[in-house]
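Some notes on the structure that comes next.
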Amino acid sequence: MPVGTAFHERTLALCESLNFKEWSGYYTASVYEMTHEHEYNAIRSTAALIDITPLFKYRVSGPRCQQTRQSRHRPRHQQGGHRSGYLLLLVRSPRQGHRRRHHHAPGRKRLPLDRRRPQPPLVPAERPRLDVQIEDISEKVAALALQGPTSGRLLHAVADADIAKLKYFRVTHGKIAGVPVDISRTGYTGDLGYEIWVNWNDAVKVFDELMNKGKPFDIHAAGMVALDIARIEAGLVLIESGLYLLQARLDRRPEILAGRNRPRQIGGLEEGKLRRARSPGAGKRRRAPTTLAG
């Protein structure tokens with residue numbers, strides 16, 4: 001049975017439609033009003049606040065955890081915030097790869113994020129023998145997506161952080177309503193937006209501060225329907241939601257995420273062995289019949 005997120009007390013009071021859906025074991029509002037129009041318009045015109053707490057969060061730690069990052073996304077301590085990137089984790093075998101977005105700052109632990117929970121054990125794809133630990137902290141960290149053209153000005157007004165210099169796919173740290181938060185210049189709407197990561201027990205304080213101080217910026221709580229419409233319009237794909245063919249290909253060959261400049265050893269197996277393990281003719285083009293219904 002689904003349970004409420006850290007913000008459920010607030011989202012339930014705001015949800016006039018009582019239209020909730022299950023997302024990774026949590027109740028998530030599909031639409032707050034009877035239709036999604038106002039919420040969608042908030043994403044595109046003003047500011048929308050979306051509860052994304054059901055995202056699964058993992059902390060990678062250990063004496064050599066920094067070496068688990070992909071070489072293409074090497075974190076650099078520079079103006080505009082610390083870099084966010086993607087981390088490829090393997091589950092049980094190299095044929096079951098899962099990509100995780102992670103935030104990294106020197107001297108801090110990583111926080112990989114994604115919509116899918118793989119089954120342990122998890123292993124960094126590039127260095128499967130590194131001395132690292134991967135901890136599921138999904139029930140310790142809550143998250144909000146603040147999306148829309150006025151979201152930057154709203155965060156600049158309420159957050160004790162350098163929002164003006166925060167570039168795309170960068171992460172900074174600060175406080176909202178006195179609560180420590182991590183703020184990333186990321187989102188899944190295709191519009192200007194940020195994601196806020198906060199300790200579970202202090203999450204409601206941050207939600208209240210954003211909703212109260214966001215009134216001059218015409219902030220609205222938005223549900224999954226508005227988010228999905230914005231995501232599809234922006235051409236942002238989502239695994240297990242209209243992306244089954246690509247997902248099947250990634251499950252068979254996770255090494256394609258590594259790119260040309262990645263290490264030749266993937267998940268403890270040499271690239272040649274992976275190639276020979278493929279079925280004959282797997283890399284060739286084939287013709288297949290297609291049936292269109294309707």
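The way I read the labels, and the way they are meant: chains A, B, ... in the order of the structure tokens, residue 1 as the first residue of every chain, and ligand 1 as the first ligand shown, with later ones counted on from there.
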
Could I get the residues of range 140-189 of chain A with an atom no further than 8 Å from an atom of range 49-56 of chain A, each paired with its nearest atom pair and that distance in Å to one decimal, using only C-alpha atoms, sorted by chain and residue number, as a Markdown table?
```
| residue | atom | partner | partner_atom | distance |
| --- | --- | --- | --- | --- |
| A:Val141 | CA | A:Thr53 | CA | 7.5 |
| A:Ala142 | CA | A:Thr53 | CA | 4.8 |
| A:Ala143 | CA | A:Thr53 | CA | 4.6 |
| A:Leu144 | CA | A:Asp51 | CA | 4.8 |
| A:Ala145 | CA | A:Ile50 | CA | 4.9 |
| A:Leu146 | CA | A:Leu49 | CA | 4.7 |
| A:Gln147 | CA | A:Leu49 | CA | 6.6 |
```

Requested in this report: Would you please work out which residue, of A:Ile183, A:Lys140, A:Arg231, A:Ala6, is nearest to Asp160 in chain A when using only C-alpha atoms?
Outcome: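 Answer, going by the shortest atom-to-atom distance: A:Ile183.
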
Query raised in the report: What is the CA of Trp23 in chain A to CA of Gly152 in chain A distance in Å?
Result: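 CA of Gly152 in chain A lies at a distance of 27.4 Å from CA of Trp23 in chain A.
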
Report task. Counting only C-alpha atoms, figure out which residue out of A:Met1, A:Val132, A:Val60, A:Leu166 gets nearest to Leu192 in chain A. Result -> A:Leu166

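The shortest atom-to-atom distance to Gly4 in chain A, with only C-alpha atoms taken into account, belongs to A:Ala29 out of A:Leu238, A:Val206, A:Ala29, A:Ile232.
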